[in-house]
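Trainee: For reference, this is input.csv, and it has CSV, C-alpha atoms and all ligand atoms.
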chain,number,residue,atom,x,y,z
O,1,MET,CA,0.0,0.0,0.0
O,2,ALA,CA,1.2,3.5,-0.8
O,3,THR,CA,2.6,5.6,2.1
O,4,ASN,CA,-0.1,7.8,3.6
O,5,LEU,CA,-0.6,10.2,6.5
O,6,PHE,CA,-1.2,7.2,8.8
O,7,THR,CA,1.8,5.1,7.9
O,8,PRO,CA,4.1,4.9,10.9
O,9,PHE,CA,7.5,6.4,10.6
O,10,GLN,CA,10.9,6.0,12.3
O,11,MET,CA,12.3,9.4,12.8
O,12,GLY,CA,15.7,8.5,14.0
O,13,LYS,CA,15.2,7.3,17.6
O,14,PHE,CA,11.6,8.3,17.7
O,15,ASP,CA,8.7,5.9,16.7
O,16,LEU,CA,6.0,8.1,15.1
O,17,SER,CA,2.6,6.5,14.7
O,18,HIS,CA,1.6,8.9,11.9
O,19,ARG,CA,2.9,11.7,9.7
O,20,VAL,CA,0.7,14.6,10.8
O,21,VAL,CA,3.0,17.0,12.7
O,22,LEU,CA,2.0,20.1,14.6
O,23,ALA,CA,3.8,23.0,12.9
O,24,PRO,CA,5.6,25.5,15.1
O,25,MET,CA,3.2,28.5,15.6
O,26,THR,CA,3.6,31.7,17.6
O,27,ARG,CA,0.4,32.3,19.5
O,28,CYS,CA,1.4,35.2,21.8
O,29,ARG,CA,-0.2,33.8,24.9
O,30,ALA,CA,2.8,33.8,27.2
O,31,ILE,CA,3.1,36.3,30.1
O,32,ASN,CA,6.5,37.8,30.8
O,33,GLU,CA,7.9,35.1,28.4
O,34,ILE,CA,6.6,32.3,30.7
O,35,PRO,CA,4.4,29.6,29.3
O,36,LEU,CA,1.1,29.2,31.2
O,37,PRO,CA,-1.2,26.3,32.2
O,38,ALA,CA,-3.1,27.2,29.0
O,39,HIS,CA,0.0,26.3,27.0
O,40,ALA,CA,0.0,22.8,28.5
O,41,GLU,CA,-3.6,22.4,27.7
O,42,TYR,CA,-3.2,23.7,24.1
O,43,TYR,CA,-0.3,21.3,23.3
O,44,ALA,CA,-2.0,18.4,25.1
O,45,GLN,CA,-5.2,19.0,23.1
O,46,ARG,CA,-3.0,18.5,19.9
O,47,SER,CA,-1.1,15.5,21.2
O,48,THR,CA,-1.6,11.9,20.1
O,49,LYS,CA,0.2,8.7,21.0
O,50,GLY,CA,3.3,8.6,18.8
O,51,GLY,CA,2.4,12.0,17.3
O,52,PHE,CA,5.1,14.7,16.8
O,53,LEU,CA,4.7,18.3,17.9
O,54,ILE,CA,6.9,21.3,17.5
O,55,THR,CA,6.4,24.3,19.8
O,56,GLU,CA,5.9,27.9,18.9
O,57,GLY,CA,9.1,29.9,18.3
O,58,THR,CA,10.8,30.1,21.7
O,59,LEU,CA,13.3,32.9,22.6
O,60,ILE,CA,16.9,32.0,23.1
O,61,SER,CA,17.8,35.3,24.7
O,62,ASP,CA,16.5,38.7,25.9
O,63,THR,CA,17.1,40.3,22.5
O,64,ALA,CA,15.3,37.5,20.5
O,65,ALA,CA,11.6,38.6,20.6
O,66,GLY,CA,9.7,39.9,17.7
O,67,PHE,CA,6.1,39.3,18.8
O,68,PRO,CA,4.4,40.0,22.2
O,69,GLY,CA,3.6,37.1,24.4
O,70,THR,CA,6.3,34.8,23.1
O,71,PRO,CA,7.8,32.3,25.6
O,72,GLY,CA,11.6,32.0,26.3
O,73,ILE,CA,13.9,29.2,27.1
O,74,TYR,CA,16.9,31.1,28.5
O,75,THR,CA,16.0,31.4,32.2
O,76,ASP,CA,15.4,28.8,34.9
O,77,GLU,CA,11.9,30.1,35.5
O,78,GLN,CA,11.1,29.6,31.8
O,79,VAL,CA,12.6,26.1,32.0
O,80,GLU,CA,10.5,25.2,35.0
O,81,ALA,CA,7.3,26.4,33.3
O,82,TRP,CA,8.0,24.4,30.1
O,83,LYS,CA,8.2,21.2,32.2
O,84,ASN,CA,4.4,21.3,32.7
O,85,VAL,CA,3.9,21.6,28.9
O,86,VAL,CA,6.2,18.8,28.2
O,87,ASP,CA,4.7,16.6,30.8
O,88,ALA,CA,1.2,17.2,29.5
O,89,VAL,CA,2.3,16.2,26.0
O,90,HIS,CA,4.2,13.1,27.2
O,91,SER,CA,1.3,11.9,29.3
O,92,LYS,CA,-0.6,11.7,26.0
O,93,GLY,CA,2.2,9.7,24.4
O,94,GLY,CA,3.3,12.7,22.2
O,95,ILE,CA,6.9,13.6,21.3
O,96,ILE,CA,7.7,17.3,21.4
O,97,PHE,CA,10.6,19.5,20.2
O,98,CYS,CA,11.1,23.1,21.2
O,99,GLN,CA,11.7,25.6,18.4
O,100,LEU,CA,14.6,27.9,19.1
O,101,TRP,CA,14.1,31.4,17.8
O,102,HIS,CA,15.8,34.7,17.4
O,103,VAL,CA,14.1,37.2,15.2
O,104,GLY,CA,17.2,39.4,14.6
O,105,ARG,CA,16.2,42.6,12.9
O,106,ALA,CA,12.5,41.8,13.2
O,107,SER,CA,12.8,42.4,16.9
O,108,ASN,CA,10.2,44.7,18.6
O,109,HIS,CA,12.8,45.6,21.2
O,110,GLY,CA,14.7,48.9,21.1
O,111,ALA,CA,17.9,47.8,19.4
O,112,PRO,CA,17.6,44.8,17.1
O,113,ILE,CA,20.7,42.9,16.1
O,114,SER,CA,21.2,41.3,12.7
O,115,SER,CA,23.7,40.3,10.1
O,116,THR,CA,23.3,43.8,8.7
O,117,ASN,CA,22.6,47.5,9.5
O,118,GLN,CA,19.9,47.6,6.9
O,119,SER,CA,16.2,47.7,8.0
O,120,ILE,CA,13.4,45.6,6.9
O,121,SER,CA,11.4,47.8,4.4
O,122,ASP,CA,8.4,49.7,5.8
O,123,LYS,CA,6.0,47.6,3.7
O,124,TRP,CA,6.2,45.2,6.7
O,125,ARG,CA,4.9,45.8,10.2
O,126,ILE,CA,5.9,44.2,13.5
O,127,ILE,CA,3.7,43.8,16.5
O,128,MET,CA,5.0,45.8,19.5
O,129,PRO,CA,5.0,44.6,23.1
O,130,ASP,CA,1.8,46.7,23.6
O,131,ARG,CA,0.3,44.9,20.6
O,132,THR,CA,0.2,48.0,18.4
O,133,LEU,CA,1.8,47.8,14.9
O,134,ASP,CA,5.0,49.6,14.0
O,135,VAL,CA,7.5,49.8,11.2
O,136,PRO,CA,10.6,47.6,11.7
O,137,HIS,CA,13.4,49.3,13.7
O,138,LYS,CA,16.9,49.9,12.4
O,139,PRO,CA,19.1,47.0,13.3
O,140,ARG,CA,22.8,46.9,14.2
O,141,ALA,CA,25.1,44.4,12.5
O,142,LEU,CA,26.7,42.1,15.1
O,143,GLN,CA,30.4,42.3,15.4
O,144,THR,CA,32.2,39.0,14.6
O,145,HIS,CA,32.8,38.1,18.3
O,146,GLU,CA,29.2,38.8,19.1
O,147,VAL,CA,28.1,36.4,16.4
O,148,TRP,CA,29.9,33.7,18.4
O,149,GLN,CA,28.1,34.8,21.5
O,150,VAL,CA,24.7,34.3,19.8
O,151,ILE,CA,25.8,30.8,18.7
O,152,GLU,CA,26.6,30.1,22.3
O,153,GLN,CA,23.1,31.3,23.3
O,154,TYR,CA,21.5,28.8,20.9
O,155,ARG,CA,23.6,26.0,22.6
O,156,ARG,CA,22.5,27.1,26.0
O,157,ALA,CA,18.9,27.3,25.0
O,158,ALA,CA,19.1,23.8,23.6
O,159,GLU,CA,20.6,22.6,26.8
O,160,ASN,CA,17.8,24.3,28.7
O,161,ALA,CA,15.2,22.6,26.4
O,162,ILE,CA,16.5,19.2,27.3
O,163,ARG,CA,16.5,20.1,31.0
O,164,ALA,CA,12.8,21.1,30.6
O,165,GLY,CA,12.2,17.5,29.3
O,166,PHE,CA,11.8,18.3,25.6
O,167,ASP,CA,12.6,15.4,23.3
O,168,GLY,CA,14.7,17.7,21.1
O,169,VAL,CA,14.9,21.1,19.5
O,170,GLU,CA,14.3,22.7,16.1
O,171,ILE,CA,16.6,25.4,14.9
O,172,HIS,CA,14.4,28.1,13.3
O,173,GLY,CA,16.4,29.1,10.3
O,174,ALA,CA,13.4,30.2,8.2
O,175,HIS,CA,11.0,33.1,7.4
O,176,GLY,CA,13.4,36.1,7.4
O,177,TYR,CA,14.5,35.8,11.1
O,178,LEU,CA,18.1,36.0,12.4
O,179,ILE,CA,19.5,32.9,10.8
O,180,ASP,CA,17.8,33.6,7.5
O,181,GLN,CA,19.2,37.1,7.7
O,182,PHE,CA,22.7,35.5,7.5
O,183,LEU,CA,21.7,33.0,4.7
O,184,LYS,CA,20.0,35.3,2.2
O,185,ASP,CA,22.2,37.4,-0.1
O,186,SER,CA,19.8,40.3,-0.3
O,187,ILE,CA,20.3,40.9,3.4
O,188,ASN,CA,23.8,39.7,4.4
O,189,ASP,CA,26.2,42.4,3.5
O,190,ARG,CA,29.0,41.3,5.9
O,191,ILE,CA,32.7,41.2,5.0
O,192,ASP,CA,33.8,38.9,7.8
O,193,GLU,CA,33.7,35.0,7.8
O,194,PHE,CA,29.9,35.2,8.2
O,195,GLY,CA,29.3,37.0,4.9
O,196,GLY,CA,30.2,37.3,1.3
O,197,SER,CA,30.4,33.8,-0.3
O,198,ILE,CA,27.5,31.4,0.0
O,199,GLU,CA,29.7,29.2,2.3
O,200,ASN,CA,30.2,32.1,4.6
O,201,ARG,CA,26.5,33.0,4.6
O,202,CYS,CA,25.8,29.4,5.7
O,203,ARG,CA,28.4,29.5,8.5
O,204,PHE,CA,26.2,31.0,11.2
O,205,LEU,CA,23.6,28.2,10.7
O,206,MET,CA,26.2,25.5,10.5
O,207,GLU,CA,28.0,26.7,13.6
O,208,ILE,CA,24.7,26.6,15.5
O,209,VAL,CA,24.0,23.1,14.2
O,210,LYS,CA,27.4,22.0,15.4
O,211,ALA,CA,27.1,23.6,18.8
O,212,VAL,CA,23.6,22.3,19.4
O,213,ALA,CA,24.4,18.8,18.1
O,214,ARG,CA,27.4,18.6,20.5
O,215,GLU,CA,25.2,19.6,23.3
O,216,VAL,CA,22.1,17.5,22.7
O,217,GLY,CA,23.0,15.0,20.0
O,218,ALA,CA,22.2,15.5,16.3
O,219,ASP,CA,19.4,13.0,16.6
O,220,ARG,CA,17.6,15.3,19.0
O,221,MET,CA,17.6,18.3,16.6
O,222,GLY,CA,15.8,19.4,13.5
O,223,VAL,CA,16.6,22.4,11.2
O,224,ARG,CA,14.0,24.6,9.5
O,225,ILE,CA,14.8,26.6,6.4
O,226,SER,CA,12.8,28.5,3.8
O,227,PRO,CA,15.1,29.4,0.9
O,228,ALA,CA,12.3,30.4,-1.4
O,229,ILE,CA,10.2,32.5,1.1
O,230,ASP,CA,10.6,36.3,1.1
O,231,HIS,CA,8.8,37.0,4.4
O,232,MET,CA,10.4,40.2,6.0
O,233,ASP,CA,12.3,40.9,2.8
O,234,ALA,CA,14.3,37.7,3.0
O,235,THR,CA,14.9,37.2,-0.7
O,236,ASP,CA,17.8,35.4,-2.3
O,237,SER,CA,18.9,35.7,-5.9
O,238,ASP,CA,19.2,31.9,-6.2
O,239,PRO,CA,16.9,30.1,-3.7
O,240,LEU,CA,17.4,26.7,-5.4
O,241,ASN,CA,21.2,26.9,-5.0
O,242,LEU,CA,20.9,28.3,-1.4
O,243,GLY,CA,18.8,25.3,-0.4
O,244,GLN,CA,21.2,23.0,-2.2
O,245,VAL,CA,24.3,24.4,-0.4
O,246,VAL,CA,22.6,24.2,3.1
O,247,ILE,CA,21.6,20.6,2.4
O,248,ASP,CA,25.1,19.8,1.1
O,249,ARG,CA,26.6,21.2,4.3
O,250,LEU,CA,24.1,19.3,6.5
O,251,ASN,CA,24.8,16.0,4.6
O,252,LYS,CA,28.6,16.5,5.0
O,253,PHE,CA,28.1,17.3,8.7
O,254,GLN,CA,26.0,14.1,9.2
O,255,ASN,CA,28.5,12.0,7.4
O,256,LYS,CA,31.3,13.4,9.4
O,257,ILE,CA,29.8,12.8,12.8
O,258,GLY,CA,28.2,9.5,11.7
O,259,SER,CA,24.7,10.5,12.9
O,260,LYS,CA,21.8,12.2,11.3
O,261,LEU,CA,19.7,15.1,12.4
O,262,ALA,CA,16.1,14.1,13.4
O,263,TYR,CA,14.9,15.9,10.3
O,264,LEU,CA,15.1,18.8,7.8
O,265,HIS,CA,12.0,21.0,7.8
O,266,VAL,CA,11.4,23.1,4.7
O,267,THR,CA,8.5,25.7,4.4
O,268,GLN,CA,7.0,26.0,1.0
O,269,PRO,CA,6.3,29.5,-0.4
O,270,ARG,CA,2.7,28.6,-1.1
O,271,PHE,CA,2.1,29.3,2.6
O,272,THR,CA,2.3,33.0,1.7
O,273,ALA,CA,1.2,32.9,-1.9
O,274,HIS,CA,-1.8,30.6,-1.7
O,275,GLY,CA,-4.9,32.3,-3.0
O,276,MET,CA,-3.1,35.5,-3.9
O,277,LYS,CA,-3.7,37.0,-7.3
O,278,GLY,CA,-1.4,35.8,-10.0
O,279,TYR,CA,-0.6,32.6,-8.2
O,280,GLY,CA,-1.4,29.8,-10.6
O,281,LYS,CA,-0.6,26.3,-11.6
O,282,GLU,CA,2.7,27.2,-13.1
O,283,LYS,CA,4.0,28.8,-9.9
O,284,GLU,CA,2.9,25.8,-7.9
O,285,ASP,CA,4.7,23.4,-10.3
O,286,GLU,CA,7.8,25.4,-10.0
O,287,GLU,CA,7.7,25.3,-6.2
O,288,ALA,CA,7.0,21.6,-6.2
O,289,GLN,CA,10.0,21.1,-8.4
O,290,LEU,CA,12.2,23.0,-5.9
O,291,MET,CA,11.0,20.9,-3.0
O,292,ARG,CA,11.6,17.7,-5.0
O,293,THR,CA,15.1,18.7,-5.8
O,294,TRP,CA,15.9,19.4,-2.1
O,295,ARG,CA,14.1,16.3,-1.0
O,296,ARG,CA,16.2,14.1,-3.3
O,297,ALA,CA,19.4,15.9,-2.2
O,298,TYR,CA,18.9,15.7,1.6
O,299,GLN,CA,20.1,12.4,3.1
O,300,GLY,CA,17.7,12.1,6.0
O,301,THR,CA,14.1,12.7,7.1
O,302,PHE,CA,12.4,15.5,5.1
O,303,MET,CA,9.5,17.4,6.5
O,304,SER,CA,7.5,19.9,4.5
O,305,SER,CA,5.0,22.6,5.5
O,306,GLY,CA,2.8,25.1,3.8
O,307,GLY,CA,-0.7,24.9,2.4
O,308,PHE,CA,-1.2,21.2,2.9
O,309,THR,CA,-4.7,19.8,3.1
O,310,ARG,CA,-5.5,16.2,3.9
O,311,GLU,CA,-5.6,15.4,0.2
O,312,LEU,CA,-2.4,17.2,-0.7
O,313,GLY,CA,-0.6,15.6,2.2
O,314,MET,CA,-1.8,12.1,1.1
O,315,LYS,CA,-0.6,12.8,-2.4
O,316,ALA,CA,2.8,14.2,-1.4
O,317,LEU,CA,3.4,11.1,0.8
O,318,ALA,CA,2.3,8.7,-1.9
O,319,ASP,CA,4.5,10.4,-4.4
O,320,GLY,CA,7.5,10.1,-2.1
O,321,ASP,CA,7.9,13.9,-2.0
O,322,VAL,CA,8.1,14.1,1.8
O,323,ASP,CA,8.4,11.9,4.9
O,324,LEU,CA,6.5,14.1,7.3
O,325,ILE,CA,4.1,17.1,6.9
O,326,SER,CA,3.6,19.8,9.4
O,327,TYR,CA,0.2,21.4,9.6
O,328,GLY,CA,-0.3,24.9,10.9
O,329,ARG,CA,-3.5,26.8,10.5
O,330,LEU,CA,-5.7,23.6,10.3
O,331,PHE,CA,-4.1,22.4,13.5
O,332,ILE,CA,-5.0,25.7,15.3
O,333,SER,CA,-8.7,25.3,14.6
O,334,ASN,CA,-8.8,21.5,14.8
O,335,PRO,CA,-7.2,20.2,18.0
O,336,ASP,CA,-8.1,16.7,16.9
O,337,LEU,CA,-6.8,17.2,13.4
O,338,VAL,CA,-5.2,13.7,13.4
O,339,CYS,CA,-8.4,12.0,14.2
O,340,ARG,CA,-10.4,14.1,11.8
O,341,PHE,CA,-8.0,13.3,9.0
O,342,MET,CA,-8.2,9.6,9.9
O,343,VAL,CA,-11.9,9.4,9.5
O,344,ASP,CA,-12.0,12.2,6.8
O,345,ALA,CA,-14.3,14.3,9.0
O,346,PRO,CA,-15.2,17.9,8.1
O,347,LEU,CA,-12.8,20.5,9.6
O,348,ASN,CA,-13.4,23.6,11.7
O,349,GLY,CA,-12.5,26.8,9.9
O,350,TYR,CA,-9.9,29.0,11.6
O,351,ASN,CA,-10.2,32.6,12.7
O,352,ARG,CA,-7.1,34.7,11.8
O,353,GLU,CA,-8.3,37.5,14.1
O,354,THR,CA,-7.3,35.3,17.2
O,355,PHE,CA,-4.0,33.9,15.9
O,356,TYR,CA,-1.9,36.4,17.8
O,357,THR,CA,-4.3,37.7,20.5
O,358,GLN,CA,-3.7,37.3,24.2
O,359,ASP,CA,-6.8,35.5,25.4
O,360,PRO,CA,-5.8,32.1,26.9
O,361,ILE,CA,-9.1,30.5,25.9
O,362,VAL,CA,-10.7,32.3,22.9
O,363,GLY,CA,-9.2,31.1,19.6
O,364,TYR,CA,-6.7,29.0,21.6
O,365,LEU,CA,-8.4,26.3,23.7
O,366,ASP,CA,-12.0,26.7,22.5
O,367,TYR,CA,-12.0,25.1,19.0
O,368,PRO,CA,-14.4,22.1,19.2
O,369,PHE,CA,-13.4,18.4,19.0
O,370,LEU,CA,-15.5,15.9,17.1
O,371,ASN,CA,-18.0,14.5,19.6
U,1,LIG,C1,-0.3,31.9,13.6
U,1,LIG,C2,0.9,31.4,13.0
U,1,LIG,C3,2.1,31.5,13.7
U,1,LIG,C4,3.3,30.9,13.1
U,1,LIG,N1,4.4,30.9,13.9
U,1,LIG,C5,5.6,30.3,13.5
U,1,LIG,C6,6.7,30.1,14.3
U,1,LIG,O1,6.7,30.5,15.5
U,1,LIG,N2,7.7,29.5,13.8
U,1,LIG,C7,7.8,29.0,12.5
U,1,LIG,O2,8.8,28.4,12.1
U,1,LIG,N3,6.7,29.1,11.7
U,1,LIG,C8,5.6,29.7,12.1
U,1,LIG,N4,4.5,29.8,11.4
U,1,LIG,C9,4.4,29.0,10.1
U,1,LIG,C10,3.9,27.6,10.3
U,1,LIG,O3,4.8,26.8,11.0
U,1,LIG,C11,3.5,26.9,9.0
U,1,LIG,O4,4.7,26.6,8.3
U,1,LIG,C12,2.6,27.7,8.1
U,1,LIG,O5,1.4,28.1,8.8
U,1,LIG,C13,2.2,27.0,6.8
U,1,LIG,O6,1.5,25.8,7.2
U,1,LIG,P1,-0.1,25.8,7.0
U,1,LIG,O7,-0.5,26.1,5.6
U,1,LIG,O8,-0.5,24.3,7.3
U,1,LIG,O9,-0.7,26.7,7.9
U,1,LIG,C14,3.3,30.3,11.9
U,1,LIG,C15,2.1,30.3,11.2
U,1,LIG,C16,0.9,30.8,11.7
U,1,LIG,C17,-0.4,30.7,10.9
Transcribe the structure of this file into structure tokens.

Mentor:
Amino acid sequence: MATNLFTPFQMGKFDLSHRVVLAPMTRCRAINEIPLPAHAEYYAQRSTKGGFLITEGTLISDTAAGFPGTPGIYTDEQVEAWKNVVDAVHSKGGIIFCQLWHVGRASNHGAPISSTNQSISDKWRIIMPDRTLDVPHKPRALQTHEVWQVIEQYRRAAENAIRAGFDGVEIHGAHGYLIDQFLKDSINDRIDEFGGSIENRCRFLMEIVKAVAREVGADRMGVRISPAIDHMDATDSDPLNLGQVVIDRLNKFQNKIGSKLAYLHVTQPRFTAHGMKGYGKEKEDEEAQLMRTWRRAYQGTFMSSGGFTRELGMKALADGDVDLISYGRLFISNPDLVCRFMVDAPLNGYNRETFYTQDPIVGYLDYPFLN
């Protein structure tokens, strides 16, 4: 029988009972960067036995935040609070990784840091701590020695995540945030070893991968990238090649240490483009081709995200285009998405208005389950 959403999968050391993964999603419900009992409930609602979940982007330091109400993983108090979330997921038989996040120049703090001094253009807006919108602030390019300090912050955050009981961590290298600001050639204008050639642009990510793998083990970490996504002005002149070079580096790293990462997670551009004017079959085919090329190149577990329905997920798995699929918006509005997919039940629609609001119930815990 063809592989489908309910075919079990061995993700390195983890036995997954199905392929429907909870995508990392910022929900802005933390208070003072501390996850609440509502977080435990939210993730528990979406847990299944042998199901895999990735947390919302979680801050690695006090300069990392770009949204209000995001939780951190850099203080002992944060670590303690996450234990409740992890326990709630584990008690349902779920497996959960913490997504490690630094937004770089998309920060809503006073003095954002980045690979560059160049601001994000004012066509973008960021949500300020008081939940009003503002234009992005002017960043400051990190000095070389400071880049190494941030790499160390990722390592420490990974160590903390394991202390909190997480099964592993995902390095958020996507969507125009700090790591992507080093990867993309339209942003990275550095002249030190972290800029210039494509190898140098990949160095920040690869040094983080090395440091985190040394700390927690490669098999307890995933990496997320989005070479073809231009969110927050993160464009590259050759996304196909950028993806290839990152994958080539990851393959070499895995061969060298004789162990694989848990997975590579790539977001498809159709996440932003779906339904937009001028977005047609040709563009979709082009994107599918990019993803297939990277999927074939990567020597390990390949997860994809962005615009998947039940039907598209089934097709991608049957065609061998992915090993795992992470679902975002549909998982917000359907806490029992796995069950609904299994019996092919109708889905609850989602309400964008409550994606990033603060209410710990409305739009967060109150989407109905099948009876
Ligand atoms: C409300 C919301 C918050 C998100 N936050 C994050 C995040 O913190 N980290 C991340 O890597 N992606 C984030 N994403 C992207 C999702 O992980 C996912 O890739 C995207 O929603 C596309 O999948 P979908 O079409 O199934 O929703 C977010 C998406 C949404 C809708």

Trainee: Using only C-alpha atoms - which residues lie no farther than 8 Å from the point (15.6, 43.5, 17.9) in the file's frame? Write them as a list of chain:residue names.

Mentor: O:Thr63, O:Ala64, O:Ala65, O:Gly66, O:Val103, O:Gly104, O:Arg105, O:Ala106, O:Ser107, O:Asn108, O:His109, O:Gly110, O:Ala111, O:Pro112, O:Ile113, O:Ser114, O:His137, O:Pro139

Trainee: For ligand LIG 1 (chain U), which residue among O:Gln45, O:Gln254, O:Gln289, O:Ser333 is the nearest when counting all atoms listed in the file?

Mentor: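 Looking at the shortest contact to ligand LIG 1 (chain U), the residue is O:Ser333.
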
Trainee: Quick one: everything within 10 Å of O:Asp62, counting only C-alpha atoms, minus sequence neighbours fewer than 6 positions away in the same chain. Send it as a ChimeraX atom specification.

Mentor: /O:33,72-75,102,109

Trainee: Which is closer to ligand LIG 1 (chain U) than all the others in O:Asp319, O:Glu353, O:Glu193, O:Asp15, using all atoms listed in the file?

Mentor: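 Once distances to ligand LIG 1 (chain U) are computed over all atoms listed in the file, the minimum belongs to O:Glu353.
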
Trainee: At what distance in Å, to one decimal, does atom O1 of ligand LIG 1 (chain U) lie from atom CA of O:Val223?

Mentor: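 We find that atom CA of O:Val223 and atom O1 of ligand LIG 1 (chain U) lie 13.5 Å from each other.
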
Trainee: Dump as a Markdown table the rows for residues of chain O within 8 Å of ligand LIG 1 (chain U): closest atom pair and distance in Å with one decimal, all atoms listed in the file counted, ordered by chain and rising residue number.

Mentor:
| residue | atom | partner | partner_atom | distance |
| --- | --- | --- | --- | --- |
| O:Ala23 | CA | U:LIG1 | O3 | 4.4 |
| O:Pro24 | CA | U:LIG1 | O3 | 4.4 |
| O:Met25 | CA | U:LIG1 | N1 | 3.2 |
| O:Thr26 | CA | U:LIG1 | N1 | 3.9 |
| O:Arg27 | CA | U:LIG1 | C1 | 6.0 |
| O:Thr55 | CA | U:LIG1 | O1 | 7.6 |
| O:Glu56 | CA | U:LIG1 | O1 | 4.4 |
| O:Gly57 | CA | U:LIG1 | O1 | 3.7 |
| O:Thr58 | CA | U:LIG1 | O1 | 7.4 |
| O:Gln99 | CA | U:LIG1 | N2 | 7.2 |
| O:Trp101 | CA | U:LIG1 | N2 | 7.8 |
| O:His172 | CA | U:LIG1 | O2 | 5.7 |
| O:Gly173 | CA | U:LIG1 | O2 | 7.8 |
| O:Ala174 | CA | U:LIG1 | O2 | 6.3 |
| O:His175 | CA | U:LIG1 | O2 | 7.0 |
| O:Arg224 | CA | U:LIG1 | O2 | 6.9 |
| O:Thr267 | CA | U:LIG1 | O4 | 5.5 |
| O:Gln268 | CA | U:LIG1 | C13 | 7.6 |
| O:Arg270 | CA | U:LIG1 | O7 | 7.8 |
| O:Phe271 | CA | U:LIG1 | C13 | 4.8 |
| O:Thr272 | CA | U:LIG1 | C13 | 7.9 |
| O:Ser305 | CA | U:LIG1 | O4 | 4.9 |
| O:Gly306 | CA | U:LIG1 | C13 | 3.6 |
| O:Gly307 | CA | U:LIG1 | O7 | 3.4 |
| O:Phe308 | CA | U:LIG1 | O8 | 5.4 |
| O:Thr309 | CA | U:LIG1 | O8 | 7.5 |
| O:Ser326 | CA | U:LIG1 | O8 | 6.4 |
| O:Tyr327 | CA | U:LIG1 | O8 | 3.8 |
| O:Gly328 | CA | U:LIG1 | O9 | 3.5 |
| O:Arg329 | CA | U:LIG1 | O9 | 3.8 |
| O:Leu330 | CA | U:LIG1 | O8 | 6.0 |
| O:Phe331 | CA | U:LIG1 | O8 | 7.4 |
| O:Ile332 | CA | U:LIG1 | C1 | 8.0 |
| O:Arg352 | CA | U:LIG1 | C1 | 7.6 |
| O:Phe355 | CA | U:LIG1 | C1 | 4.8 |
| O:Tyr356 | CA | U:LIG1 | C1 | 6.4 |

Trainee: Do you have the atom CA of O:Lys49-atom CA of O:Val20 distance handy?

Mentor: 11.8 Å
